[in-house]
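So the structure is just underneath, and the comments pick up after that.
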Amino acid sequence: MFKKGSKLYSIFTGTCPKCHEESMYTNPNPYAISKLFSMHERCSNCDTKYKIEPSFFYGSMYVSYGVGIAFAVAAFIISYVFLGSSTTTAFVAIIFTLVVFYPIIVRLSRNIWINIFMSYDKKLAKKD
């Protein structure tokens with residue numbers, strides 16, 4: 001399920017959606033906030049251009065909303081249902097979760113967005 005060749009591999013590792021060989025980001029650590037949005041222009045292995053058109057990743061904001069809701073619901077369920085906290089504490093847990101996981105949410109949404117438009121190509125995987 002998470003092997004090279006699957007979209008989930010590219011989404012969770014942040015690798016090129018075409019060859020799965022190189023990270024799309026200049027710094028793979030999402031918590032390096034100054035480099036959060038910094039991406040390579042092209043893949044050094046298969047020469048895939050990441051920004052298909054100007055402002056391509058604006059569409060990832062729609063995906064980010066859904067991913068953020070998923071994180072918020074998970075925080076609420078863990079806090080309110082499993083830990084038995086009050087509604088106010090659960091709300092604080094949601095806010096805390098969204099702030100802490102913001103860089104991961106941004107990267108995941110960008111990875112999901114680009115993987116909607118590009119697919120893995122076996123021929124490009126290990127180009128010499």
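Each chain in the structure tokens gets a letter, A, B, ..., in the order shown, and its residues are numbered from 1; ligands are numbered from 1 in order too.
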Within 7 Å of stretch 48-62 of chain A, counting only C-alpha atoms, which residues show up once you throw out same-chain ones fewer than 3 positions away? Write them as a PyMOL selection string, please.
chain A and resi 41-43+65-66+109-110+113
Those residues with all heavy atoms, as a compact mmCIF listing (two decimals), in the first residue's frame please?
```
# COMPACT_ATOMS: atom_id res chain seq x y z
N GLU A 41 12.18 23.37 -8.70
CA GLU A 41 11.39 23.68 -9.90
C GLU A 41 11.09 22.41 -10.70
O GLU A 41 10.00 22.23 -11.22
CB GLU A 41 12.13 24.68 -10.78
CG GLU A 41 11.28 25.18 -11.93
CD GLU A 41 11.94 26.31 -12.68
OE1 GLU A 41 12.62 27.14 -12.05
OE2 GLU A 41 11.76 26.35 -13.90
N ARG A 42 12.10 21.53 -10.79
CA ARG A 42 11.95 20.28 -11.54
C ARG A 42 12.59 19.13 -10.77
O ARG A 42 13.48 19.33 -9.96
CB ARG A 42 12.64 20.38 -12.90
CG ARG A 42 12.00 21.37 -13.84
CD ARG A 42 12.70 21.37 -15.19
NE ARG A 42 12.04 22.25 -16.11
CZ ARG A 42 11.02 21.90 -16.89
NH1 ARG A 42 10.57 20.67 -16.85
NH2 ARG A 42 10.47 22.75 -17.72
N CYS A 43 12.17 17.92 -11.08
CA CYS A 43 12.78 16.72 -10.51
C CYS A 43 14.12 16.49 -11.19
O CYS A 43 14.20 16.52 -12.43
CB CYS A 43 11.85 15.52 -10.73
SG CYS A 43 12.54 13.96 -10.16
N TYR A 65 -8.26 22.50 3.48
CA TYR A 65 -9.45 22.63 4.32
C TYR A 65 -9.93 21.26 4.78
O TYR A 65 -10.19 21.04 5.96
CB TYR A 65 -10.56 23.36 3.55
CG TYR A 65 -11.84 23.50 4.34
CD1 TYR A 65 -11.95 24.44 5.35
CD2 TYR A 65 -12.92 22.67 4.08
CE1 TYR A 65 -13.12 24.55 6.09
CE2 TYR A 65 -14.10 22.79 4.81
CZ TYR A 65 -14.19 23.72 5.80
OH TYR A 65 -15.35 23.83 6.53
N GLY A 66 -10.02 20.32 3.85
CA GLY A 66 -10.46 18.96 4.19
C GLY A 66 -9.51 18.25 5.12
O GLY A 66 -9.92 17.58 6.08
N SER A 109 -1.44 18.61 1.87
CA SER A 109 -2.40 19.11 0.89
C SER A 109 -1.73 19.38 -0.45
O SER A 109 -2.30 19.10 -1.51
CB SER A 109 -3.12 20.34 1.41
OG SER A 109 -2.22 21.39 1.64
N ARG A 110 -0.52 19.91 -0.44
CA ARG A 110 0.22 20.11 -1.69
C ARG A 110 0.52 18.77 -2.37
O ARG A 110 0.40 18.64 -3.58
CB ARG A 110 1.52 20.86 -1.44
CG ARG A 110 1.33 22.32 -1.28
CD ARG A 110 2.65 23.04 -1.05
NE ARG A 110 2.44 24.44 -1.34
CZ ARG A 110 3.23 25.17 -2.10
NH1 ARG A 110 4.29 24.65 -2.64
NH2 ARG A 110 2.95 26.43 -2.33
N TRP A 113 -2.67 17.41 -3.87
CA TRP A 113 -3.09 18.19 -5.03
C TRP A 113 -2.27 17.81 -6.27
O TRP A 113 -2.85 17.61 -7.34
CB TRP A 113 -2.96 19.68 -4.72
CG TRP A 113 -3.47 20.56 -5.82
CD1 TRP A 113 -2.73 21.36 -6.63
CD2 TRP A 113 -4.83 20.75 -6.20
NE1 TRP A 113 -3.55 22.03 -7.50
CE2 TRP A 113 -4.84 21.67 -7.27
CE3 TRP A 113 -6.04 20.22 -5.77
CZ2 TRP A 113 -6.01 22.07 -7.90
CZ3 TRP A 113 -7.20 20.61 -6.40
CH2 TRP A 113 -7.19 21.54 -7.44
```
I'd like the neighbourhood of A:Thr89 as JSON, numbers by chain, where a residue qualifies if any of its atoms comes within 12 Å (using only C-alpha atoms), though same-chain residues fewer than 3 positions away should be ignored.
{"A": [75, 76, 77, 78, 79, 80, 81, 83, 84, 85, 86, 92, 93, 94, 95, 96]}
Between atom CA of A:Tyr102 and atom CA of A:Lys35, what distance in Å does the model show, to one decimal?
13.6 Å
Helix (DSSP H, G or I) call set, DSSP backbone run, stretch 2-124 of chain A, as an mmCIF file with N, CA, C and O atoms, in the first residue's frame:
```
data_model
loop_
_atom_site.group_PDB
_atom_site.id
_atom_site.type_symbol
_atom_site.label_atom_id
_atom_site.label_comp_id
_atom_site.auth_asym_id
_atom_site.auth_seq_id
_atom_site.Cartn_x
_atom_site.Cartn_y
_atom_site.Cartn_z
ATOM 1 N N LYS A 7 0.161 6.156 -5.115
ATOM 2 C CA LYS A 7 -0.016 7.579 -4.829
ATOM 3 C C LYS A 7 0.200 7.877 -3.353
ATOM 4 O O LYS A 7 0.724 8.921 -3.000
ATOM 5 N N LEU A 8 -0.172 6.937 -2.489
ATOM 6 C CA LEU A 8 0.018 7.141 -1.053
ATOM 7 C C LEU A 8 1.495 7.300 -0.704
ATOM 8 O O LEU A 8 1.848 8.080 0.181
ATOM 9 N N TYR A 9 2.362 6.570 -1.390
ATOM 10 C CA TYR A 9 3.801 6.699 -1.150
ATOM 11 C C TYR A 9 4.250 8.123 -1.450
ATOM 12 O O TYR A 9 4.949 8.754 -0.655
ATOM 13 N N SER A 10 3.853 8.638 -2.594
ATOM 14 C CA SER A 10 4.243 9.990 -2.981
ATOM 15 C C SER A 10 3.627 11.031 -2.059
ATOM 16 O O SER A 10 4.272 12.010 -1.697
ATOM 17 N N ILE A 11 2.390 10.819 -1.653
ATOM 18 C CA ILE A 11 1.708 11.785 -0.783
ATOM 19 C C ILE A 11 2.373 11.860 0.587
ATOM 20 O O ILE A 11 2.652 12.941 1.092
ATOM 21 N N PHE A 12 2.654 10.720 1.193
ATOM 22 C CA PHE A 12 3.205 10.734 2.552
ATOM 23 C C PHE A 12 4.707 10.981 2.614
ATOM 24 O O PHE A 12 5.207 11.399 3.652
ATOM 25 N N THR A 13 5.437 10.754 1.522
ATOM 26 C CA THR A 13 6.874 11.007 1.535
ATOM 27 C C THR A 13 7.247 12.329 0.885
ATOM 28 O O THR A 13 8.357 12.817 1.066
ATOM 29 N N ILE A 33 10.098 26.427 8.997
ATOM 30 C CA ILE A 33 9.006 27.293 8.546
ATOM 31 C C ILE A 33 9.423 28.221 7.408
ATOM 32 O O ILE A 33 8.642 28.453 6.486
ATOM 33 N N SER A 34 10.650 28.717 7.423
ATOM 34 C CA SER A 34 11.068 29.628 6.350
ATOM 35 C C SER A 34 11.164 28.910 5.002
ATOM 36 O O SER A 34 11.127 29.550 3.958
ATOM 37 N N LYS A 35 11.277 27.594 5.016
ATOM 38 C CA LYS A 35 11.381 26.813 3.770
ATOM 39 C C LYS A 35 10.125 25.954 3.528
ATOM 40 O O LYS A 35 10.150 25.053 2.706
ATOM 41 N N PHE A 56 -0.379 27.235 -9.474
ATOM 42 C CA PHE A 56 -0.933 25.876 -9.500
ATOM 43 C C PHE A 56 -1.344 25.415 -8.111
ATOM 44 O O PHE A 56 -2.401 24.813 -7.937
ATOM 45 N N PHE A 57 -0.532 25.706 -7.110
ATOM 46 C CA PHE A 57 -0.792 25.180 -5.776
ATOM 47 C C PHE A 57 -1.857 25.960 -4.996
ATOM 48 O O PHE A 57 -2.136 25.640 -3.852
ATOM 49 N N TYR A 58 -2.479 26.981 -5.591
ATOM 50 C CA TYR A 58 -3.615 27.630 -4.933
ATOM 51 C C TYR A 58 -4.751 26.630 -4.741
ATOM 52 O O TYR A 58 -5.523 26.734 -3.792
ATOM 53 N N GLY A 59 -4.865 25.681 -5.639
ATOM 54 C CA GLY A 59 -5.899 24.651 -5.521
ATOM 55 C C GLY A 59 -5.722 23.777 -4.302
ATOM 56 O O GLY A 59 -6.683 23.178 -3.811
ATOM 57 N N SER A 60 -4.496 23.700 -3.806
ATOM 58 C CA SER A 60 -4.251 22.861 -2.626
ATOM 59 C C SER A 60 -4.897 23.452 -1.370
ATOM 60 O O SER A 60 -5.045 22.755 -0.371
ATOM 61 N N MET A 61 -5.314 24.716 -1.440
ATOM 62 C CA MET A 61 -6.009 25.306 -0.291
ATOM 63 C C MET A 61 -7.340 24.604 -0.040
ATOM 64 O O MET A 61 -7.767 24.461 1.106
ATOM 65 N N TYR A 62 -7.993 24.156 -1.108
ATOM 66 C CA TYR A 62 -9.251 23.418 -0.942
ATOM 67 C C TYR A 62 -8.997 22.075 -0.265
ATOM 68 O O TYR A 62 -9.760 21.651 0.593
ATOM 69 N N VAL A 63 -7.916 21.422 -0.668
ATOM 70 C CA VAL A 63 -7.536 20.145 -0.048
ATOM 71 C C VAL A 63 -7.139 20.384 1.395
ATOM 72 O O VAL A 63 -7.480 19.596 2.286
ATOM 73 N N SER A 64 -6.442 21.481 1.649
ATOM 74 C CA SER A 64 -5.998 21.818 3.002
ATOM 75 C C SER A 64 -7.169 21.960 3.962
ATOM 76 O O SER A 64 -7.070 21.566 5.127
ATOM 77 N N TYR A 65 -8.262 22.504 3.483
ATOM 78 C CA TYR A 65 -9.453 22.634 4.319
ATOM 79 C C TYR A 65 -9.934 21.255 4.778
ATOM 80 O O TYR A 65 -10.193 21.039 5.962
ATOM 81 N N GLY A 66 -10.021 20.318 3.848
ATOM 82 C CA GLY A 66 -10.462 18.959 4.190
ATOM 83 C C GLY A 66 -9.506 18.255 5.123
ATOM 84 O O GLY A 66 -9.919 17.581 6.077
ATOM 85 N N VAL A 67 -8.211 18.398 4.881
ATOM 86 C CA VAL A 67 -7.203 17.767 5.739
ATOM 87 C C VAL A 67 -7.250 18.390 7.135
ATOM 88 O O VAL A 67 -7.168 17.680 8.144
ATOM 89 N N GLY A 68 -7.422 19.703 7.202
ATOM 90 C CA GLY A 68 -7.534 20.383 8.492
ATOM 91 C C GLY A 68 -8.757 19.924 9.275
ATOM 92 O O GLY A 68 -8.688 19.721 10.496
ATOM 93 N N ILE A 69 -9.871 19.738 8.579
ATOM 94 C CA ILE A 69 -11.087 19.232 9.234
ATOM 95 C C ILE A 69 -10.838 17.830 9.788
ATOM 96 O O ILE A 69 -11.266 17.509 10.902
ATOM 97 N N ALA A 70 -10.139 16.994 9.023
ATOM 98 C CA ALA A 70 -9.829 15.627 9.486
ATOM 99 C C ALA A 70 -8.986 15.671 10.766
ATOM 100 O O ALA A 70 -9.249 14.930 11.722
ATOM 101 N N PHE A 71 -7.984 16.546 10.808
ATOM 102 C CA PHE A 71 -7.153 16.689 12.010
ATOM 103 C C PHE A 71 -7.990 17.209 13.179
ATOM 104 O O PHE A 71 -7.840 16.754 14.310
ATOM 105 N N ALA A 72 -8.885 18.173 12.909
ATOM 106 C CA ALA A 72 -9.721 18.744 13.970
ATOM 107 C C ALA A 72 -10.685 17.709 14.539
ATOM 108 O O ALA A 72 -10.861 17.623 15.756
ATOM 109 N N VAL A 73 -11.287 16.925 13.667
ATOM 110 C CA VAL A 73 -12.216 15.884 14.128
ATOM 111 C C VAL A 73 -11.468 14.846 14.959
ATOM 112 O O VAL A 73 -11.953 14.405 16.009
ATOM 113 N N ALA A 74 -10.282 14.461 14.502
ATOM 114 C CA ALA A 74 -9.483 13.497 15.262
ATOM 115 C C ALA A 74 -9.123 14.056 16.638
ATOM 116 O O ALA A 74 -9.213 13.344 17.649
ATOM 117 N N ALA A 75 -8.738 15.332 16.702
ATOM 118 C CA ALA A 75 -8.406 15.955 17.989
ATOM 119 C C ALA A 75 -9.624 15.995 18.907
ATOM 120 O O ALA A 75 -9.516 15.724 20.107
ATOM 121 N N PHE A 76 -10.793 16.307 18.344
ATOM 122 C CA PHE A 76 -12.012 16.353 19.147
ATOM 123 C C PHE A 76 -12.360 14.972 19.695
ATOM 124 O O PHE A 76 -12.662 14.824 20.878
ATOM 125 N N ILE A 77 -12.302 13.971 18.844
ATOM 126 C CA ILE A 77 -12.655 12.616 19.279
ATOM 127 C C ILE A 77 -11.698 12.119 20.356
ATOM 128 O O ILE A 77 -12.123 11.560 21.364
ATOM 129 N N ILE A 78 -10.404 12.355 20.165
ATOM 130 C CA ILE A 78 -9.426 11.918 21.169
ATOM 131 C C ILE A 78 -9.649 12.662 22.487
ATOM 132 O O ILE A 78 -9.673 12.062 23.560
ATOM 133 N N SER A 79 -9.842 13.969 22.408
ATOM 134 C CA SER A 79 -9.983 14.789 23.611
ATOM 135 C C SER A 79 -11.320 14.571 24.316
ATOM 136 O O SER A 79 -11.359 14.319 25.520
ATOM 137 N N TYR A 80 -12.395 14.682 23.578
ATOM 138 C CA TYR A 80 -13.726 14.670 24.181
ATOM 139 C C TYR A 80 -14.232 13.258 24.479
ATOM 140 O O TYR A 80 -14.734 12.992 25.563
ATOM 141 N N VAL A 81 -14.069 12.369 23.508
ATOM 142 C CA VAL A 81 -14.634 11.029 23.666
ATOM 143 C C VAL A 81 -13.718 10.122 24.491
ATOM 144 O O VAL A 81 -14.140 9.521 25.472
ATOM 145 N N PHE A 82 -12.450 10.025 24.088
ATOM 146 C CA PHE A 82 -11.545 9.081 24.758
ATOM 147 C C PHE A 82 -11.009 9.599 26.088
ATOM 148 O O PHE A 82 -10.882 8.847 27.044
ATOM 149 N N THR A 87 -16.116 20.403 26.802
ATOM 150 C CA THR A 87 -16.213 20.958 25.448
ATOM 151 C C THR A 87 -15.183 22.062 25.224
ATOM 152 O O THR A 87 -14.584 22.152 24.157
ATOM 153 N N THR A 88 -14.972 22.882 26.229
ATOM 154 C CA THR A 88 -13.986 23.961 26.122
ATOM 155 C C THR A 88 -12.584 23.405 25.951
ATOM 156 O O THR A 88 -11.815 23.877 25.106
ATOM 157 N N THR A 89 -12.255 22.395 26.729
ATOM 158 C CA THR A 89 -10.934 21.770 26.611
ATOM 159 C C THR A 89 -10.780 21.102 25.252
ATOM 160 O O THR A 89 -9.708 21.155 24.648
ATOM 161 N N ALA A 90 -11.835 20.493 24.753
ATOM 162 C CA ALA A 90 -11.786 19.867 23.428
ATOM 163 C C ALA A 90 -11.563 20.921 22.351
ATOM 164 O O ALA A 90 -10.799 20.697 21.397
ATOM 165 N N PHE A 91 -12.190 22.082 22.496
ATOM 166 C CA PHE A 91 -11.990 23.179 21.552
ATOM 167 C C PHE A 91 -10.537 23.660 21.574
ATOM 168 O O PHE A 91 -9.932 23.892 20.526
ATOM 169 N N VAL A 92 -9.980 23.795 22.758
ATOM 170 C CA VAL A 92 -8.570 24.190 22.890
ATOM 171 C C VAL A 92 -7.663 23.131 22.271
ATOM 172 O O VAL A 92 -6.676 23.458 21.599
ATOM 173 N N ALA A 93 -8.004 21.864 22.439
ATOM 174 C CA ALA A 93 -7.225 20.774 21.841
ATOM 175 C C ALA A 93 -7.260 20.850 20.317
ATOM 176 O O ALA A 93 -6.247 20.605 19.643
ATOM 177 N N ILE A 94 -8.405 21.209 19.748
ATOM 178 C CA ILE A 94 -8.523 21.361 18.291
ATOM 179 C C ILE A 94 -7.630 22.488 17.799
ATOM 180 O O ILE A 94 -6.873 22.321 16.839
ATOM 181 N N ILE A 95 -7.696 23.640 18.462
ATOM 182 C CA ILE A 95 -6.869 24.793 18.072
ATOM 183 C C ILE A 95 -5.391 24.444 18.193
ATOM 184 O O ILE A 95 -4.597 24.716 17.282
ATOM 185 N N PHE A 96 -5.003 23.833 19.299
ATOM 186 C CA PHE A 96 -3.614 23.442 19.516
ATOM 187 C C PHE A 96 -3.143 22.466 18.421
ATOM 188 O O PHE A 96 -2.059 22.619 17.861
ATOM 189 N N THR A 97 -3.970 21.491 18.099
ATOM 190 C CA THR A 97 -3.629 20.508 17.073
ATOM 191 C C THR A 97 -3.436 21.172 15.711
ATOM 192 O O THR A 97 -2.476 20.877 15.003
ATOM 193 N N LEU A 98 -4.336 22.070 15.350
ATOM 194 C CA LEU A 98 -4.227 22.738 14.048
ATOM 195 C C LEU A 98 -2.989 23.632 13.966
ATOM 196 O O LEU A 98 -2.356 23.705 12.914
ATOM 197 N N VAL A 99 -2.638 24.283 15.056
ATOM 198 C CA VAL A 99 -1.442 25.128 15.054
ATOM 199 C C VAL A 99 -0.183 24.274 14.969
ATOM 200 O O VAL A 99 0.720 24.556 14.174
ATOM 201 N N VAL A 100 -0.114 23.227 15.752
ATOM 202 C CA VAL A 100 1.077 22.374 15.783
ATOM 203 C C VAL A 100 1.270 21.628 14.461
ATOM 204 O O VAL A 100 2.385 21.498 13.963
ATOM 205 N N TYR A 102 0.077 22.489 11.463
ATOM 206 C CA TYR A 102 -0.078 23.327 10.278
ATOM 207 C C TYR A 102 0.941 23.012 9.183
ATOM 208 O O TYR A 102 0.543 22.842 8.021
ATOM 209 N N PRO A 103 2.238 22.926 9.471
ATOM 210 C CA PRO A 103 3.190 22.615 8.394
ATOM 211 C C PRO A 103 2.935 21.262 7.730
ATOM 212 O O PRO A 103 3.064 21.125 6.512
ATOM 213 N N ILE A 104 2.537 20.284 8.504
ATOM 214 C CA ILE A 104 2.254 18.961 7.940
ATOM 215 C C ILE A 104 0.992 19.015 7.088
ATOM 216 O O ILE A 104 0.937 18.410 6.006
ATOM 217 N N ILE A 105 -0.018 19.753 7.528
ATOM 218 C CA ILE A 105 -1.248 19.899 6.762
ATOM 219 C C ILE A 105 -0.971 20.575 5.422
ATOM 220 O O ILE A 105 -1.475 20.156 4.379
ATOM 221 N N VAL A 106 -0.140 21.611 5.436
ATOM 222 C CA VAL A 106 0.205 22.319 4.199
ATOM 223 C C VAL A 106 0.915 21.381 3.231
ATOM 224 O O VAL A 106 0.560 21.305 2.046
ATOM 225 N N ARG A 107 1.914 20.663 3.712
ATOM 226 C CA ARG A 107 2.659 19.752 2.830
ATOM 227 C C ARG A 107 1.782 18.613 2.319
ATOM 228 O O ARG A 107 1.834 18.260 1.146
ATOM 229 N N LEU A 108 0.980 18.030 3.199
ATOM 230 C CA LEU A 108 0.092 16.948 2.764
ATOM 231 C C LEU A 108 -0.879 17.425 1.690
ATOM 232 O O LEU A 108 -1.112 16.728 0.703
ATOM 233 N N SER A 109 -1.444 18.605 1.875
ATOM 234 C CA SER A 109 -2.405 19.105 0.891
ATOM 235 C C SER A 109 -1.728 19.385 -0.448
ATOM 236 O O SER A 109 -2.300 19.098 -1.505
ATOM 237 N N ARG A 110 -0.515 19.906 -0.438
ATOM 238 C CA ARG A 110 0.216 20.111 -1.693
ATOM 239 C C ARG A 110 0.519 18.769 -2.371
ATOM 240 O O ARG A 110 0.400 18.645 -3.581
ATOM 241 N N ASN A 111 0.919 17.791 -1.576
ATOM 242 C CA ASN A 111 1.225 16.472 -2.131
ATOM 243 C C ASN A 111 -0.023 15.820 -2.730
ATOM 244 O O ASN A 111 0.045 15.217 -3.803
ATOM 245 N N ILE A 112 -1.140 15.933 -2.037
ATOM 246 C CA ILE A 112 -2.391 15.371 -2.557
ATOM 247 C C ILE A 112 -2.784 16.080 -3.848
ATOM 248 O O ILE A 112 -3.152 15.443 -4.834
ATOM 249 N N TRP A 113 -2.675 17.411 -3.867
ATOM 250 C CA TRP A 113 -3.086 18.190 -5.030
ATOM 251 C C TRP A 113 -2.272 17.814 -6.269
ATOM 252 O O TRP A 113 -2.850 17.610 -7.344
ATOM 253 N N ILE A 114 -0.965 17.732 -6.143
ATOM 254 C CA ILE A 114 -0.152 17.410 -7.322
ATOM 255 C C ILE A 114 -0.356 15.966 -7.758
ATOM 256 O O ILE A 114 -0.296 15.648 -8.939
ATOM 257 N N ASN A 115 -0.654 15.073 -6.818
ATOM 258 C CA ASN A 115 -0.883 13.668 -7.172
ATOM 259 C C ASN A 115 -2.241 13.456 -7.838
ATOM 260 O O ASN A 115 -2.465 12.406 -8.432
ATOM 261 N N ILE A 116 -3.139 14.405 -7.736
ATOM 262 C CA ILE A 116 -4.397 14.320 -8.479
ATOM 263 C C ILE A 116 -4.126 14.454 -9.978
ATOM 264 O O ILE A 116 -4.767 13.810 -10.794
ATOM 265 N N PHE A 117 -3.135 15.258 -10.328
ATOM 266 C CA PHE A 117 -2.880 15.570 -11.733
ATOM 267 C C PHE A 117 -1.747 14.768 -12.366
ATOM 268 O O PHE A 117 -1.602 14.778 -13.581
ATOM 269 N N LYS A 122 6.574 3.958 -14.359
ATOM 270 C CA LYS A 122 7.655 2.989 -14.070
ATOM 271 C C LYS A 122 8.911 3.268 -14.862
ATOM 272 O O LYS A 122 10.019 3.076 -14.389
ATOM 273 N N LYS A 123 8.752 3.726 -16.093
ATOM 274 C CA LYS A 123 9.902 3.966 -16.978
ATOM 275 C C LYS A 123 10.807 5.077 -16.463
ATOM 276 O O LYS A 123 11.972 5.109 -16.773
ATOM 277 N N LEU A 124 10.249 5.989 -15.701
ATOM 278 C CA LEU A 124 11.031 7.128 -15.198
ATOM 279 C C LEU A 124 11.683 6.846 -13.853
ATOM 280 O O LEU A 124 12.501 7.632 -13.380
#
```
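In this structure, atom CA of A:Asn27 sits 19.2 Å away from atom CA of A:Cys46.
In terms of minimum interatomic distance to A:Cys19, A:Ala125 ranks closest within A:Ser6, A:Ala125, A:Ser119, A:Leu36, counting only C-alpha atoms.
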Correct to one decimal, the distance atom CA of A:Cys16-atom CA of A:Pro30 is 16.2 Å
Where in chain A does DSSP assign strand (DSSP E or B), given as an MDAnalysis selection string?
chainID A and resid 15 23 25 39 42 49
Would you write out those residues with all heavy atoms, as a short mmCIF file (atom, residue, chain, number, x, y, z; two decimals), in the first residue's frame?
```
data_model
loop_
_atom_site.label_atom_id
_atom_site.label_comp_id
_atom_site.auth_asym_id
_atom_site.auth_seq_id
_atom_site.Cartn_x
_atom_site.Cartn_y
_atom_site.Cartn_z
N THR A 15 7.60 12.86 -2.33
CA THR A 15 8.50 12.62 -3.45
C THR A 15 7.81 12.97 -4.77
O THR A 15 6.60 13.16 -4.83
CB THR A 15 8.96 11.15 -3.50
OG1 THR A 15 7.81 10.31 -3.51
CG2 THR A 15 9.83 10.82 -2.30
N SER A 23 12.71 14.18 -3.35
CA SER A 23 11.77 15.02 -2.62
C SER A 23 11.45 16.26 -3.45
O SER A 23 12.33 16.83 -4.09
CB SER A 23 12.38 15.44 -1.28
OG SER A 23 11.52 16.34 -0.62
N TYR A 25 10.55 19.04 -2.20
CA TYR A 25 10.85 20.22 -1.39
C TYR A 25 12.36 20.39 -1.20
O TYR A 25 13.09 19.43 -1.08
CB TYR A 25 10.15 20.09 -0.03
CG TYR A 25 8.66 19.92 -0.19
CD1 TYR A 25 8.08 18.66 -0.14
CD2 TYR A 25 7.86 21.01 -0.43
CE1 TYR A 25 6.71 18.50 -0.31
CE2 TYR A 25 6.49 20.87 -0.61
CZ TYR A 25 5.93 19.61 -0.55
OH TYR A 25 4.58 19.45 -0.73
N MET A 39 10.03 24.80 -3.02
CA MET A 39 10.07 23.55 -3.78
C MET A 39 11.11 23.65 -4.89
O MET A 39 11.42 24.74 -5.38
CB MET A 39 8.71 23.28 -4.43
CG MET A 39 7.59 23.06 -3.45
SD MET A 39 6.02 22.78 -4.29
CE MET A 39 6.28 21.16 -4.93
N ARG A 42 12.10 21.53 -10.79
CA ARG A 42 11.95 20.28 -11.54
C ARG A 42 12.59 19.13 -10.77
O ARG A 42 13.48 19.33 -9.96
CB ARG A 42 12.64 20.38 -12.90
CG ARG A 42 12.00 21.37 -13.84
CD ARG A 42 12.70 21.37 -15.19
NE ARG A 42 12.04 22.25 -16.11
CZ ARG A 42 11.02 21.90 -16.89
NH1 ARG A 42 10.57 20.67 -16.85
NH2 ARG A 42 10.47 22.75 -17.72
N LYS A 49 8.24 18.93 -14.21
CA LYS A 49 8.04 20.28 -13.68
C LYS A 49 6.92 20.22 -12.65
O LYS A 49 5.81 19.75 -12.94
CB LYS A 49 7.66 21.23 -14.83
CG LYS A 49 7.57 22.66 -14.41
CD LYS A 49 7.30 23.55 -15.61
CE LYS A 49 7.22 25.00 -15.15
NZ LYS A 49 6.91 25.88 -16.26
#
```
Of A:Ser38, A:Asn45, A:Phe2, A:Pro17, the one nearest to A:Tyr120 when counting only C-alpha atoms is A:Pro17
